[in-house]
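Novice: The structure under discussion is supplied below as structure tokens; questions concerning it will follow.
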Amino acid sequence: MPHPERRLNALGLTLPQVVPPVATYVPAVRSGGHVYVSGQVPLREGRLIAAGRLGDTVSVELGYACARQCALNSLAALKAEAGDLMAVARVVKALVFVASTADFTRHPEVGDGASDLLCEIFGDAGRHARSAVGVTSLPLNAPVELELLVELHRPARG
């Protein structure tokens with residue numbers, strides 16, 4: 001498998017700095033062979049790339065872009081915890097929260113922004129189980145938040 005960061009570069013993307021927590025938690029935690037990545041919002045260079053709710057002030061296309069940025073931020077937190085994206089055996093689960101109006105129903109299309117990027121970066125190992133859930137609000141008035149569960153390769157025994 002080509003190095004995930006080379007795939008990012010081929011897409012014209014680079015990993016951002018890890019987004020600092022906005023409350024009492026850490027960006028990612030390793031437990032056994034898994035890394036749990038805390039919810040990441042679409043911050044880029046310290047600012048939300050969009051604010052508001054889907055079905056109101058945020059379009060599906062912009063929501064998709066927000067989910068993609070959430071995935072980039074998640075990968076930064078993952079790399080900081082795991083040491084290298086080559087350590088990823090597979091993305092197990094993605095949980096996408098979509099701030100939306102009561103009548104908005106296109107949550108899966110928004111979540112595809114994150115899922116598509118994970119598949120582009122990790123190939124088949126990026127295919128994952130997923131839930132996309134509508135909520136009334138998210139931290140900082142973000143339209144999307146992404147949480148990941150990732151399995152790491154087992155270290156070789158020596």
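Following the order of the structure tokens, chains are lettered A, B, ..., residues in each are numbered from 1, and ligands are numbered from 1.
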Near Lys93 in chain A, within 9 Å and counting only C-alpha atoms, which residues show up once chain neighbours fewer than 4 positions away are dropped, as a CSV table (one decimal) with all heavy atoms, in the first residue's frame?
Specialist:
```csv
chain,number,residue,atom,x,y,z
A,127,ARG,N,-12.4,1.6,4.1
A,127,ARG,CA,-13.8,1.3,4.1
A,127,ARG,C,-14.2,0.9,5.5
A,127,ARG,O,-13.6,0.0,6.2
A,127,ARG,CB,-14.1,0.2,3.1
A,127,ARG,CG,-13.9,0.6,1.7
A,127,ARG,CD,-14.1,-0.5,0.7
A,127,ARG,NE,-15.4,-1.1,0.8
A,127,ARG,CZ,-16.5,-0.7,0.2
A,127,ARG,NH1,-16.5,0.4,-0.5
A,127,ARG,NH2,-17.7,-1.3,0.3
A,128,HIS,N,-15.3,1.5,6.0
A,128,HIS,CA,-15.6,1.4,7.5
A,128,HIS,C,-17.1,1.3,7.7
A,128,HIS,O,-17.9,1.7,6.8
A,128,HIS,CB,-15.0,2.6,8.2
A,128,HIS,CG,-15.5,3.9,7.6
A,128,HIS,ND1,-14.7,4.4,6.5
A,128,HIS,CD2,-16.5,4.7,7.7
A,128,HIS,CE1,-15.3,5.5,6.1
A,128,HIS,NE2,-16.4,5.7,6.8
A,129,ALA,N,-17.5,0.9,8.9
A,129,ALA,CA,-18.9,1.0,9.3
A,129,ALA,C,-19.1,2.5,9.7
A,129,ALA,O,-18.1,3.2,10.0
A,129,ALA,CB,-19.1,0.1,10.6
A,130,ARG,N,-20.3,2.9,9.6
A,130,ARG,CA,-20.6,4.4,9.8
A,130,ARG,C,-22.0,4.6,10.3
A,130,ARG,O,-22.9,4.0,9.9
A,130,ARG,CB,-20.3,5.2,8.6
A,130,ARG,CG,-20.4,6.7,8.8
A,130,ARG,CD,-20.2,7.5,7.5
A,130,ARG,NE,-21.5,7.5,6.8
A,130,ARG,CZ,-21.6,8.0,5.6
A,130,ARG,NH1,-20.5,8.4,4.9
A,130,ARG,NH2,-22.7,8.1,5.0
A,131,SER,N,-22.1,5.6,11.1
A,131,SER,CA,-23.4,6.2,11.4
A,131,SER,C,-23.3,7.7,11.2
A,131,SER,O,-22.3,8.3,11.4
A,131,SER,CB,-23.7,6.0,12.9
A,131,SER,OG,-23.8,4.7,13.3
A,147,GLU,N,-16.0,11.4,14.6
A,147,GLU,CA,-15.3,10.6,15.6
A,147,GLU,C,-14.9,9.3,14.8
A,147,GLU,O,-15.7,8.8,14.1
A,147,GLU,CB,-16.3,10.3,16.7
A,147,GLU,CG,-15.7,9.5,17.8
A,147,GLU,CD,-16.8,9.3,18.9
A,147,GLU,OE1,-17.4,10.2,19.4
A,147,GLU,OE2,-17.1,8.1,19.2
A,148,LEU,N,-13.7,8.8,15.1
A,148,LEU,CA,-13.2,7.6,14.4
A,148,LEU,C,-12.7,6.6,15.4
A,148,LEU,O,-12.2,6.9,16.5
A,148,LEU,CB,-12.0,8.0,13.5
A,148,LEU,CG,-12.2,8.7,12.2
A,148,LEU,CD1,-10.9,8.9,11.5
A,148,LEU,CD2,-13.2,8.1,11.4
A,149,LEU,N,-12.8,5.3,15.0
A,149,LEU,CA,-12.2,4.2,15.7
A,149,LEU,C,-11.3,3.5,14.6
A,149,LEU,O,-11.8,3.2,13.5
A,149,LEU,CB,-13.2,3.2,16.2
A,149,LEU,CG,-12.7,1.9,16.7
A,149,LEU,CD1,-11.7,2.1,17.8
A,149,LEU,CD2,-13.8,1.0,17.2
A,150,VAL,N,-10.0,3.4,14.9
A,150,VAL,CA,-9.1,2.8,13.9
A,150,VAL,C,-8.3,1.7,14.6
A,150,VAL,O,-7.9,1.8,15.7
A,150,VAL,CB,-8.1,4.0,13.5
A,150,VAL,CG1,-7.0,3.4,12.6
A,150,VAL,CG2,-8.8,5.1,12.9
```
Novice: Applying 8 Å and only C-alpha atoms, which residues near range 101-118 of chain A remain after dropping the ones on its own chain fewer than 3 positions away? List them as an NGL selection string.
Specialist: :A and (53-56 or 60-61 or 63-71 or 91 or 94 or 96 or 98 or 121-123 or 126-128 or 132-134 or 136 or 146)
Novice: Quick check for you: according to DSSP on this backbone, which residues of range 3-93 of chain A are classed as helix (DSSP H, G or I)? Reply as a count of residues only.
Specialist: 33
Novice: With distances taken over only C-alpha atoms, which residue among A:Arg90, A:His3, A:Lys79, A:Arg154 lies nearest Leu15 in chain A?
Specialist: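 Ranked by minimum distance to Leu15 in chain A, first place goes to A:Lys79.
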Novice: Which polymer residues have any atom within 9 Å of an atom of Gln17 in chain A, counting only C-alpha atoms, with same-chain residues fewer than 6 positions away left out, as a list in words?
Specialist: Glu45, Asn73, Ala76 and Ala77 of chain A
Novice: Which value, in Å to one decimal, gives the distance between CA of Ala89 in chain A and CA of Ala125 in chain A?
Specialist: 6.5 Å
Novice: If you measure from CA of Ala82 in chain A to CA of Ala50 in chain A, what distance in Å do you get, rounded to one decimal?
Specialist: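 Distance between the two atoms: 29.0 Å.
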Novice: Skipping near chain neighbours, those fewer than 3 positions away, what residues fall within 12 Å of Ala23 in chain A using only C-alpha atoms, listed as a count of residues only?
Specialist: 8
Novice: Figure out the distance between CA of Ile49 in chain A and CA of Pro143 in chain A, please, to one decimal in Å.
Specialist: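 Pair CA of Pro143 in chain A / CA of Ile49 in chain A returns 9.5 Å.
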Novice: Go through A:Ala142, A:Val92, A:Val35, A:Leu48 and flag the residue nearest Cys119 in chain A, using only C-alpha atoms for the distances.
Specialist: A:Val92
Novice: Find, counting only C-alpha atoms, the residue in A:Ala87, A:Val144, A:Leu95, A:Val37 that gets nearest to Leu75 in chain A.
Specialist: A:Val37
Novice: Find, counting only C-alpha atoms, the residue in A:Ala99, A:Leu72, A:Val88, A:Val22 that gets nearest to Ser59 in chain A.
Specialist: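 Of A:Ala99, A:Leu72, A:Val88, A:Val22, the one nearest Ser59 in chain A is A:Ala99, counting only C-alpha atoms.
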